[in-house]
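One file, model19.txt, is given below (compact mmCIF, N, CA and C atoms).
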# COMPACT_ATOMS: atom_id res chain seq x y z
N MET A 26 -92.94 4.65 4.46
CA MET A 26 -94.35 4.37 4.54
C MET A 26 -94.94 5.21 5.67
N ASN A 27 -95.97 5.99 5.38
CA ASN A 27 -96.66 6.79 6.38
C ASN A 27 -97.89 6.04 6.88
N LEU A 28 -98.01 5.95 8.19
CA LEU A 28 -99.13 5.24 8.79
C LEU A 28 -99.84 6.15 9.78
N THR A 29 -101.15 6.10 9.76
CA THR A 29 -101.95 6.83 10.73
C THR A 29 -102.36 5.86 11.84
N ILE A 30 -102.04 6.23 13.07
CA ILE A 30 -102.36 5.41 14.24
C ILE A 30 -103.85 5.57 14.56
N ILE A 31 -104.53 4.43 14.72
CA ILE A 31 -105.95 4.43 15.07
C ILE A 31 -106.12 4.27 16.58
N LYS A 32 -105.39 3.34 17.17
CA LYS A 32 -105.51 3.03 18.60
C LYS A 32 -104.23 2.37 19.05
N SER A 33 -103.81 2.60 20.31
CA SER A 33 -102.57 2.02 20.84
C SER A 33 -102.74 1.53 22.27
N VAL A 34 -101.88 0.56 22.64
CA VAL A 34 -101.77 0.10 24.03
C VAL A 34 -100.29 -0.12 24.35
N ARG A 35 -99.97 -0.03 25.61
CA ARG A 35 -98.63 -0.36 26.10
C ARG A 35 -98.77 -1.65 26.89
N THR A 36 -97.91 -2.64 26.61
CA THR A 36 -98.08 -3.93 27.27
C THR A 36 -96.75 -4.68 27.36
N ASN A 37 -96.84 -5.91 27.84
CA ASN A 37 -95.69 -6.79 28.00
C ASN A 37 -96.18 -8.22 27.76
N ASN A 38 -95.46 -8.98 26.94
CA ASN A 38 -95.89 -10.34 26.59
C ASN A 38 -95.96 -11.29 27.78
N PHE A 39 -95.17 -11.05 28.81
CA PHE A 39 -95.05 -12.04 29.88
C PHE A 39 -95.45 -11.53 31.26
N LYS A 40 -95.42 -10.21 31.48
CA LYS A 40 -95.70 -9.67 32.81
C LYS A 40 -97.08 -9.02 32.92
N ASP A 41 -97.73 -8.77 31.80
CA ASP A 41 -99.04 -8.11 31.81
C ASP A 41 -100.14 -9.17 31.81
N LYS A 42 -100.79 -9.35 32.95
CA LYS A 42 -101.83 -10.38 33.07
C LYS A 42 -103.05 -10.06 32.21
N THR A 43 -103.22 -8.81 31.81
CA THR A 43 -104.39 -8.40 31.02
C THR A 43 -104.04 -8.18 29.54
N ILE A 44 -102.92 -8.72 29.09
CA ILE A 44 -102.46 -8.47 27.72
C ILE A 44 -103.51 -8.83 26.67
N MET A 45 -104.11 -10.01 26.78
CA MET A 45 -105.07 -10.44 25.77
C MET A 45 -106.29 -9.53 25.77
N GLN A 46 -106.75 -9.12 26.94
CA GLN A 46 -107.90 -8.22 27.03
C GLN A 46 -107.56 -6.86 26.43
N LYS A 47 -106.37 -6.34 26.75
CA LYS A 47 -105.94 -5.05 26.20
C LYS A 47 -105.91 -5.09 24.67
N ILE A 48 -105.31 -6.15 24.13
CA ILE A 48 -105.17 -6.25 22.67
C ILE A 48 -106.53 -6.45 22.02
N THR A 49 -107.36 -7.30 22.60
CA THR A 49 -108.72 -7.52 22.06
C THR A 49 -109.52 -6.22 22.08
N ASP A 50 -109.48 -5.50 23.19
CA ASP A 50 -110.22 -4.24 23.30
C ASP A 50 -109.69 -3.22 22.30
N MET A 51 -108.37 -3.16 22.14
CA MET A 51 -107.77 -2.21 21.20
C MET A 51 -108.30 -2.46 19.78
N TRP A 52 -108.28 -3.75 19.36
CA TRP A 52 -108.74 -4.09 18.02
C TRP A 52 -110.24 -3.84 17.87
N LYS A 53 -111.02 -4.12 18.92
CA LYS A 53 -112.47 -3.86 18.87
C LYS A 53 -112.74 -2.37 18.68
N GLU A 54 -112.06 -1.54 19.47
CA GLU A 54 -112.24 -0.10 19.36
C GLU A 54 -111.79 0.40 17.99
N ALA A 55 -110.70 -0.13 17.49
CA ALA A 55 -110.20 0.30 16.18
C ALA A 55 -111.12 -0.15 15.05
N SER A 56 -111.78 -1.29 15.24
CA SER A 56 -112.61 -1.83 14.16
C SER A 56 -113.74 -0.90 13.76
N SER A 57 -114.28 -0.11 14.69
CA SER A 57 -115.33 0.83 14.32
C SER A 57 -114.78 1.92 13.40
N ALA A 58 -113.54 2.34 13.63
CA ALA A 58 -112.91 3.33 12.75
C ALA A 58 -112.51 2.71 11.41
N LEU A 59 -112.37 1.39 11.39
CA LEU A 59 -111.91 0.69 10.18
C LEU A 59 -113.05 0.07 9.38
N LYS A 60 -114.30 0.24 9.80
CA LYS A 60 -115.40 -0.48 9.16
C LYS A 60 -115.53 -0.17 7.66
N ASN A 61 -115.14 1.02 7.23
CA ASN A 61 -115.19 1.37 5.80
C ASN A 61 -113.81 1.33 5.15
N HIS A 62 -112.85 0.79 5.87
CA HIS A 62 -111.48 0.69 5.36
C HIS A 62 -111.28 -0.69 4.74
N HIS A 63 -110.98 -0.71 3.45
CA HIS A 63 -110.85 -1.98 2.74
C HIS A 63 -109.45 -2.17 2.16
N GLU A 64 -108.48 -1.54 2.78
CA GLU A 64 -107.08 -1.66 2.36
C GLU A 64 -106.32 -2.43 3.44
N VAL A 65 -105.00 -2.45 3.31
CA VAL A 65 -104.14 -3.13 4.29
C VAL A 65 -104.25 -2.42 5.64
N THR A 66 -104.31 -3.21 6.70
CA THR A 66 -104.30 -2.71 8.08
C THR A 66 -103.04 -3.25 8.75
N TYR A 67 -102.47 -2.47 9.66
CA TYR A 67 -101.22 -2.84 10.30
C TYR A 67 -101.38 -2.96 11.81
N GLY A 68 -100.67 -3.90 12.40
CA GLY A 68 -100.44 -3.98 13.83
C GLY A 68 -98.98 -3.61 14.02
N LEU A 69 -98.70 -2.44 14.58
CA LEU A 69 -97.33 -1.93 14.73
C LEU A 69 -96.78 -2.23 16.11
N TYR A 70 -95.55 -2.66 16.17
CA TYR A 70 -94.86 -2.93 17.44
C TYR A 70 -93.63 -2.02 17.48
N TYR A 71 -93.54 -1.20 18.53
CA TYR A 71 -92.44 -0.23 18.59
C TYR A 71 -92.26 0.27 20.02
N ASP A 72 -91.33 1.21 20.19
CA ASP A 72 -91.03 1.78 21.50
C ASP A 72 -90.69 0.66 22.49
N TYR A 73 -89.82 -0.23 22.02
CA TYR A 73 -89.42 -1.38 22.83
C TYR A 73 -88.56 -0.95 24.02
N GLU A 74 -88.87 -1.47 25.19
CA GLU A 74 -88.08 -1.23 26.40
C GLU A 74 -86.74 -1.97 26.30
N SER A 75 -86.79 -3.19 25.75
CA SER A 75 -85.58 -4.01 25.64
C SER A 75 -85.77 -4.99 24.50
N ASP A 76 -86.05 -6.25 24.84
CA ASP A 76 -86.29 -7.27 23.82
C ASP A 76 -87.75 -7.71 23.91
N TYR A 77 -88.09 -8.88 23.38
CA TYR A 77 -89.48 -9.32 23.37
C TYR A 77 -90.05 -9.60 24.76
N LYS A 78 -89.18 -9.63 25.77
CA LYS A 78 -89.64 -9.87 27.14
C LYS A 78 -89.94 -8.56 27.87
N GLY A 79 -89.61 -7.42 27.27
CA GLY A 79 -89.85 -6.11 27.89
C GLY A 79 -91.14 -5.47 27.40
N ASN A 80 -91.42 -4.29 27.93
CA ASN A 80 -92.61 -3.54 27.53
C ASN A 80 -92.45 -3.01 26.12
N TYR A 81 -93.58 -2.82 25.44
CA TYR A 81 -93.59 -2.26 24.09
C TYR A 81 -94.96 -1.63 23.84
N THR A 82 -95.04 -0.86 22.78
CA THR A 82 -96.31 -0.26 22.36
C THR A 82 -96.80 -1.00 21.13
N LEU A 83 -98.09 -1.29 21.12
CA LEU A 83 -98.76 -1.92 19.98
C LEU A 83 -99.84 -0.98 19.50
N SER A 84 -99.87 -0.71 18.20
CA SER A 84 -100.87 0.18 17.62
C SER A 84 -101.52 -0.45 16.41
N VAL A 85 -102.77 -0.10 16.18
CA VAL A 85 -103.45 -0.42 14.94
C VAL A 85 -103.27 0.81 14.05
N ALA A 86 -102.89 0.58 12.79
CA ALA A 86 -102.61 1.71 11.90
C ALA A 86 -103.04 1.39 10.47
N ILE A 87 -103.20 2.44 9.68
CA ILE A 87 -103.49 2.31 8.25
C ILE A 87 -102.56 3.24 7.48
N GLU A 88 -102.32 2.93 6.21
CA GLU A 88 -101.52 3.81 5.37
C GLU A 88 -102.29 5.10 5.15
N SER A 89 -101.57 6.23 5.17
CA SER A 89 -102.24 7.51 5.06
C SER A 89 -101.29 8.61 4.64
N ASN A 90 -101.85 9.63 4.05
CA ASN A 90 -101.08 10.84 3.73
C ASN A 90 -101.40 11.96 4.71
N ASP A 91 -102.28 11.68 5.67
CA ASP A 91 -102.65 12.64 6.70
C ASP A 91 -101.48 12.79 7.66
N ASN A 92 -100.98 13.99 7.82
CA ASN A 92 -99.78 14.21 8.64
C ASN A 92 -100.08 14.42 10.12
N ASP A 93 -101.36 14.49 10.50
CA ASP A 93 -101.70 14.77 11.90
C ASP A 93 -101.26 13.68 12.86
N PHE A 94 -101.54 12.43 12.54
CA PHE A 94 -101.23 11.32 13.44
C PHE A 94 -100.37 10.29 12.73
N THR A 95 -99.46 10.76 11.92
CA THR A 95 -98.68 9.86 11.07
C THR A 95 -97.40 9.42 11.76
N MET A 96 -97.10 8.15 11.59
CA MET A 96 -95.82 7.59 12.02
C MET A 96 -95.13 7.11 10.75
N LYS A 97 -93.88 7.41 10.62
CA LYS A 97 -93.15 6.99 9.43
C LYS A 97 -92.25 5.82 9.79
N ILE A 98 -92.41 4.73 9.06
CA ILE A 98 -91.52 3.59 9.24
C ILE A 98 -90.32 3.81 8.34
N PRO A 99 -89.11 3.76 8.88
CA PRO A 99 -87.92 4.05 8.08
C PRO A 99 -87.79 3.11 6.87
N ASN A 100 -87.46 3.70 5.74
CA ASN A 100 -87.29 2.91 4.51
C ASN A 100 -85.98 2.13 4.51
N ASN A 101 -85.04 2.52 5.35
CA ASN A 101 -83.72 1.88 5.33
C ASN A 101 -83.65 0.63 6.22
N SER A 102 -84.76 0.29 6.86
CA SER A 102 -84.77 -0.91 7.70
C SER A 102 -84.85 -2.16 6.84
N LYS A 103 -84.18 -3.21 7.32
CA LYS A 103 -84.26 -4.52 6.66
C LYS A 103 -85.23 -5.37 7.48
N TYR A 104 -86.04 -6.15 6.77
CA TYR A 104 -87.04 -6.97 7.44
C TYR A 104 -86.97 -8.41 6.99
N GLU A 105 -87.22 -9.31 7.93
CA GLU A 105 -87.48 -10.70 7.59
C GLU A 105 -88.99 -10.86 7.69
N ILE A 106 -89.57 -11.46 6.66
CA ILE A 106 -91.02 -11.58 6.59
C ILE A 106 -91.45 -13.01 6.89
N PHE A 107 -92.42 -13.13 7.81
CA PHE A 107 -92.97 -14.42 8.20
C PHE A 107 -94.41 -14.50 7.75
N GLU A 108 -94.74 -15.55 6.99
CA GLU A 108 -96.12 -15.78 6.56
C GLU A 108 -96.88 -16.46 7.70
N VAL A 109 -98.07 -15.97 8.01
CA VAL A 109 -98.89 -16.54 9.07
C VAL A 109 -99.83 -17.58 8.47
N ASP A 110 -99.91 -18.73 9.13
CA ASP A 110 -100.86 -19.77 8.72
C ASP A 110 -102.25 -19.34 9.20
N THR A 111 -103.04 -18.78 8.29
CA THR A 111 -104.34 -18.24 8.67
C THR A 111 -105.42 -19.32 8.78
N SER A 112 -105.06 -20.57 8.48
CA SER A 112 -106.04 -21.65 8.63
C SER A 112 -106.18 -22.07 10.09
N SER A 113 -105.28 -21.59 10.94
CA SER A 113 -105.30 -21.90 12.36
C SER A 113 -105.68 -20.66 13.15
N GLU A 114 -106.54 -20.81 14.15
CA GLU A 114 -106.90 -19.70 15.03
C GLU A 114 -105.68 -19.16 15.76
N SER A 115 -104.71 -20.02 15.99
CA SER A 115 -103.49 -19.63 16.71
C SER A 115 -102.36 -19.25 15.76
N GLY A 116 -102.67 -19.00 14.51
CA GLY A 116 -101.64 -18.74 13.51
C GLY A 116 -100.71 -17.60 13.87
N ILE A 117 -101.26 -16.47 14.32
CA ILE A 117 -100.42 -15.32 14.65
C ILE A 117 -99.55 -15.63 15.86
N LEU A 118 -100.15 -16.18 16.91
CA LEU A 118 -99.38 -16.53 18.11
C LEU A 118 -98.30 -17.55 17.78
N ASN A 119 -98.62 -18.55 16.99
CA ASN A 119 -97.63 -19.57 16.61
C ASN A 119 -96.47 -18.94 15.84
N THR A 120 -96.78 -17.98 14.98
CA THR A 120 -95.71 -17.31 14.22
C THR A 120 -94.82 -16.49 15.15
N TRP A 121 -95.43 -15.79 16.12
CA TRP A 121 -94.62 -15.04 17.09
C TRP A 121 -93.75 -16.00 17.92
N LYS A 122 -94.30 -17.14 18.31
CA LYS A 122 -93.50 -18.12 19.06
C LYS A 122 -92.31 -18.58 18.24
N GLU A 123 -92.52 -18.80 16.94
CA GLU A 123 -91.42 -19.19 16.05
C GLU A 123 -90.36 -18.09 16.00
N ILE A 124 -90.79 -16.83 15.94
CA ILE A 124 -89.86 -15.69 15.93
C ILE A 124 -89.05 -15.67 17.22
N TRP A 125 -89.73 -15.81 18.37
CA TRP A 125 -89.03 -15.79 19.66
C TRP A 125 -88.06 -16.97 19.79
N GLU A 126 -88.47 -18.14 19.32
CA GLU A 126 -87.59 -19.31 19.38
C GLU A 126 -86.34 -19.09 18.54
N ARG A 127 -86.51 -18.56 17.34
CA ARG A 127 -85.36 -18.28 16.48
C ARG A 127 -84.44 -17.25 17.12
N GLU A 128 -85.03 -16.28 17.80
CA GLU A 128 -84.22 -15.27 18.48
C GLU A 128 -83.43 -15.91 19.63
N GLU A 129 -84.08 -16.76 20.41
CA GLU A 129 -83.40 -17.44 21.51
C GLU A 129 -82.23 -18.29 21.01
N LYS A 130 -82.38 -18.91 19.84
CA LYS A 130 -81.31 -19.73 19.24
C LYS A 130 -80.26 -18.88 18.54
N ARG A 131 -80.46 -17.55 18.57
CA ARG A 131 -79.58 -16.60 17.90
C ARG A 131 -79.57 -16.80 16.37
N ASP A 132 -80.70 -17.30 15.88
CA ASP A 132 -80.89 -17.51 14.45
C ASP A 132 -81.59 -16.30 13.82
N LEU A 133 -81.98 -15.35 14.66
CA LEU A 133 -82.67 -14.14 14.20
C LEU A 133 -82.17 -12.99 15.06
N GLU A 134 -81.53 -12.01 14.44
CA GLU A 134 -80.98 -10.88 15.18
C GLU A 134 -81.88 -9.66 14.94
N ARG A 135 -82.79 -9.45 15.88
CA ARG A 135 -83.79 -8.39 15.74
C ARG A 135 -83.20 -7.01 16.06
N ALA A 136 -83.73 -6.00 15.38
CA ALA A 136 -83.28 -4.62 15.59
C ALA A 136 -84.10 -3.92 16.68
N TYR A 137 -85.31 -4.38 16.95
CA TYR A 137 -86.21 -3.77 17.92
C TYR A 137 -86.43 -2.29 17.63
N SER A 138 -86.74 -1.99 16.38
CA SER A 138 -87.11 -0.63 15.98
C SER A 138 -88.62 -0.62 15.73
N PHE A 139 -89.04 -1.02 14.53
CA PHE A 139 -90.45 -1.15 14.19
C PHE A 139 -90.68 -2.52 13.59
N ASP A 140 -91.55 -3.29 14.20
CA ASP A 140 -92.01 -4.56 13.62
C ASP A 140 -93.49 -4.36 13.32
N TYR A 141 -94.01 -5.14 12.39
CA TYR A 141 -95.44 -4.98 12.12
C TYR A 141 -96.07 -6.23 11.52
N GLU A 142 -97.36 -6.36 11.85
CA GLU A 142 -98.21 -7.36 11.23
C GLU A 142 -98.95 -6.65 10.11
N LYS A 143 -99.01 -7.28 8.97
CA LYS A 143 -99.66 -6.68 7.81
C LYS A 143 -100.87 -7.55 7.46
N TYR A 144 -102.06 -6.96 7.60
CA TYR A 144 -103.32 -7.67 7.37
C TYR A 144 -103.88 -7.25 6.01
N TYR A 145 -103.86 -8.17 5.05
CA TYR A 145 -104.35 -7.88 3.71
C TYR A 145 -105.86 -8.10 3.65
N PRO A 146 -106.55 -7.36 2.76
CA PRO A 146 -108.00 -7.53 2.62
C PRO A 146 -108.42 -8.97 2.27
N ASN A 147 -107.55 -9.74 1.61
CA ASN A 147 -107.90 -11.12 1.23
C ASN A 147 -107.70 -12.13 2.38
N GLY A 148 -107.31 -11.64 3.57
CA GLY A 148 -107.16 -12.52 4.73
C GLY A 148 -105.72 -12.94 5.00
N GLN A 149 -104.83 -12.70 4.05
CA GLN A 149 -103.41 -13.05 4.24
C GLN A 149 -102.81 -12.14 5.32
N ILE A 150 -101.91 -12.72 6.14
CA ILE A 150 -101.23 -11.96 7.19
C ILE A 150 -99.73 -12.26 7.12
N GLU A 151 -98.94 -11.20 7.21
CA GLU A 151 -97.48 -11.32 7.28
C GLU A 151 -97.01 -10.60 8.54
N ILE A 152 -95.93 -11.11 9.12
CA ILE A 152 -95.27 -10.40 10.22
C ILE A 152 -93.89 -10.00 9.72
N HIS A 153 -93.62 -8.69 9.78
CA HIS A 153 -92.36 -8.13 9.31
C HIS A 153 -91.51 -7.79 10.55
N ILE A 154 -90.36 -8.44 10.65
CA ILE A 154 -89.47 -8.26 11.80
C ILE A 154 -88.22 -7.51 11.34
N ALA A 155 -87.98 -6.35 11.96
CA ALA A 155 -86.78 -5.56 11.65
C ALA A 155 -85.55 -6.31 12.15
N ILE A 156 -84.56 -6.44 11.27
CA ILE A 156 -83.34 -7.17 11.62
C ILE A 156 -82.13 -6.26 11.49
N LYS A 157 -81.08 -6.62 12.22
CA LYS A 157 -79.83 -5.84 12.19
C LYS A 157 -79.06 -6.13 10.92

Turn the structure described in the file into structure tokens.
Amino acid sequence: MNLTIIKSVRTNNFKDKTIMQKITDMWKEASSALKNHHEVTYGLYYDYESDYKGNYTLSVAIESNDNDFTMKIPNNSKYEIFEVDTSSESGILNTWKEIWEREEKRDLERAYSFDYEKYYPNGQIEIHIAIK
């Protein structure tokens, strides 16, 4: 899958006091580029320093054939897919907490290559976690 990066930030879930502001600003800036985009949008997580407690890069991306700013997600990766409860404002955060809890219990063995949130035009959201 080829994705064109719209906007990116480098952050940390636990040590970056401005994480929510960074992510909100990133999505706001990307939304102007996405205003005429009516296909799937991605939140990409990659360039992991270590595990979910380390630094990582988060990008907003769309599927594209444009090779200028394209990132290719490997086809050989295996993913576990988590459905987000979109009826709750905290649905995405709650799903990430579930992922982290499963990882802490060693019930989920993450690969820390490319993970992504997939935002469908109908409002459905999935989180795809690369597994070993």

> Quick one: distance from atom C of Ile150 (chain A) to CA of His62 (chain A) in Å, one decimal?
Replying inline: 17.6 Å

> Which distance in Å separates CA of Gln46 (chain A) and CA of Ile30 (chain A), to one decimal?
Replying inline: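 Atom-to-atom, CA of Gln46 (chain A) to CA of Ile30 (chain A), that is 19.5 Å.
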
In the coordinate frame of the file, compute which residues have an atom within 9 Å of (-95.1, -0.9, 12.0) when using only C-alpha atoms, and state them as a PDB file with N, CA and C atoms, keeping the file's coordinate frame.
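Done, and the output landed in selection_30.pdb:
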ATOM      1  N   LEU A  28     -98.010   5.950   8.190  1.00  0.00           N
ATOM      2  CA  LEU A  28     -99.130   5.240   8.790  1.00  0.00           C
ATOM      3  C   LEU A  28     -99.840   6.150   9.780  1.00  0.00           C
ATOM      4  N   TYR A  67    -102.470  -2.470   9.660  1.00  0.00           N
ATOM      5  CA  TYR A  67    -101.220  -2.840  10.300  1.00  0.00           C
ATOM      6  C   TYR A  67    -101.380  -2.960  11.810  1.00  0.00           C
ATOM      7  N   GLY A  68    -100.670  -3.900  12.400  1.00  0.00           N
ATOM      8  CA  GLY A  68    -100.440  -3.980  13.830  1.00  0.00           C
ATOM      9  C   GLY A  68     -98.980  -3.610  14.020  1.00  0.00           C
ATOM     10  N   LEU A  69     -98.700  -2.440  14.580  1.00  0.00           N
ATOM     11  CA  LEU A  69     -97.330  -1.930  14.730  1.00  0.00           C
ATOM     12  C   LEU A  69     -96.780  -2.230  16.110  1.00  0.00           C
ATOM     13  N   TYR A  70     -95.550  -2.660  16.170  1.00  0.00           N
ATOM     14  CA  TYR A  70     -94.860  -2.930  17.440  1.00  0.00           C
ATOM     15  C   TYR A  70     -93.630  -2.020  17.480  1.00  0.00           C
ATOM     16  N   TYR A  71     -93.540  -1.200  18.530  1.00  0.00           N
ATOM     17  CA  TYR A  71     -92.440  -0.230  18.590  1.00  0.00           C
ATOM     18  C   TYR A  71     -92.260   0.270  20.020  1.00  0.00           C
ATOM     19  N   LEU A  83     -98.090  -1.290  21.120  1.00  0.00           N
ATOM     20  CA  LEU A  83     -98.760  -1.920  19.980  1.00  0.00           C
ATOM     21  C   LEU A  83     -99.840  -0.980  19.500  1.00  0.00           C
ATOM     22  N   SER A  84     -99.870  -0.710  18.200  1.00  0.00           N
ATOM     23  CA  SER A  84    -100.870   0.180  17.620  1.00  0.00           C
ATOM     24  C   SER A  84    -101.520  -0.450  16.410  1.00  0.00           C
ATOM     25  N   VAL A  85    -102.770  -0.100  16.180  1.00  0.00           N
ATOM     26  CA  VAL A  85    -103.450  -0.420  14.940  1.00  0.00           C
ATOM     27  C   VAL A  85    -103.270   0.810  14.050  1.00  0.00           C
ATOM     28  N   ALA A  86    -102.890   0.580  12.790  1.00  0.00           N
ATOM     29  CA  ALA A  86    -102.610   1.710  11.900  1.00  0.00           C
ATOM     30  C   ALA A  86    -103.040   1.390  10.470  1.00  0.00           C
ATOM     31  N   MET A  96     -97.100   8.150  11.590  1.00  0.00           N
ATOM     32  CA  MET A  96     -95.820   7.590  12.020  1.00  0.00           C
ATOM     33  C   MET A  96     -95.130   7.110  10.750  1.00  0.00           C
ATOM     34  N   LYS A  97     -93.880   7.410  10.620  1.00  0.00           N
ATOM     35  CA  LYS A  97     -93.150   6.990   9.430  1.00  0.00           C
ATOM     36  C   LYS A  97     -92.250   5.820   9.790  1.00  0.00           C
ATOM     37  N   ILE A  98     -92.410   4.730   9.060  1.00  0.00           N
ATOM     38  CA  ILE A  98     -91.520   3.590   9.240  1.00  0.00           C
ATOM     39  C   ILE A  98     -90.320   3.810   8.340  1.00  0.00           C
ATOM     40  N   SER A 138     -86.740  -1.990  16.380  1.00  0.00           N
ATOM     41  CA  SER A 138     -87.110  -0.630  15.980  1.00  0.00           C
ATOM     42  C   SER A 138     -88.620  -0.620  15.730  1.00  0.00           C
ATOM     43  N   PHE A 139     -89.040  -1.020  14.530  1.00  0.00           N
ATOM     44  CA  PHE A 139     -90.450  -1.150  14.190  1.00  0.00           C
ATOM     45  C   PHE A 139     -90.680  -2.520  13.590  1.00  0.00           C
ATOM     46  N   ASP A 140     -91.550  -3.290  14.200  1.00  0.00           N
ATOM     47  CA  ASP A 140     -92.010  -4.560  13.620  1.00  0.00           C
ATOM     48  C   ASP A 140     -93.490  -4.360  13.320  1.00  0.00           C
ATOM     49  N   TYR A 141     -94.010  -5.140  12.390  1.00  0.00           N
ATOM     50  CA  TYR A 141     -95.440  -4.980  12.120  1.00  0.00           C
ATOM     51  C   TYR A 141     -96.070  -6.230  11.520  1.00  0.00           C
ATOM     52  N   GLU A 142     -97.360  -6.360  11.850  1.00  0.00           N
ATOM     53  CA  GLU A 142     -98.210  -7.360  11.230  1.00  0.00           C
ATOM     54  C   GLU A 142     -98.950  -6.650  10.110  1.00  0.00           C
ATOM     55  N   LYS A 143     -99.010  -7.280   8.970  1.00  0.00           N
ATOM     56  CA  LYS A 143     -99.660  -6.680   7.810  1.00  0.00           C
ATOM     57  C   LYS A 143    -100.870  -7.550   7.460  1.00  0.00           C
ATOM     58  N   HIS A 153     -93.620  -8.690   9.780  1.00  0.00           N
ATOM     59  CA  HIS A 153     -92.360  -8.130   9.310  1.00  0.00           C
ATOM     60  C   HIS A 153     -91.510  -7.790  10.550  1.00  0.00           C
TER      61      HIS A 153
END

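Interatomic distance, atom N of Lys42 (chain A) against CA of Ile124 (chain A): 21.2 Å.
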
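Omitting Lys40 (chain A) and its sequence neighbours fewer than 3 positions away, and counting only N, CA and C atoms, the residues within 8 Å are Thr36, Asn37, Thr43, Ile44, Lys78, Gly79 and Asn80 of chain A.
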
>> Can you tell me, as a count of residues only, which residues in chain A count as helix (DSSP H, G or I) by DSSP?
In response: 30

> Which residue, A:Ser115, A:Ser57, A:Asn38, A:Asn101, has the smallest gap to Tyr81 (chain A) when you use only N, CA and C atoms?
Replying inline: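 Of A:Ser115, A:Ser57, A:Asn38, A:Asn101, the one nearest Tyr81 (chain A), counting only N, CA and C atoms, is A:Asn38.
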
> Pick the closest to Ala58 (chain A) from A:Asn90, A:Thr120, A:Pro146, A:Ile31: which is it, counting all atoms listed in the file?
Replying inline: A:Ile31

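Restricting the calculation to only N, CA and C atoms, the smallest distance between Trp125 (chain A) and any of A:Tyr137, A:Tyr77, A:Phe107, A:Tyr144 is found for A:Tyr77.
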
>> What parts of chain A does DSSP call strand (DSSP E or B)? I'd like the answer as a ChimeraX atom specification.
In response: /A:27-37,66-71,80-88,95-97,103-108,135,140-144,150-156

> Which residue, A:Ile117, A:Glu134, A:Glu108, A:Val65, has the smallest gap to Ile87 (chain A) when you use only N, CA and C atoms?
Replying inline: A:Val65

> Which residue gives the smallest distance to Ile106 (chain A) among A:Ala155, A:Lys122, A:Asn61, A:Lys32, with all atoms listed in the file counted?
Replying inline: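 Closest to Ile106 (chain A) of all the choices is A:Ala155.
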
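Between Met51 (chain A) and the residues A:Gly116, A:Glu88, A:Arg35, A:Arg127, the shortest atom-to-atom distance, using only C-alpha atoms, involves A:Arg35.
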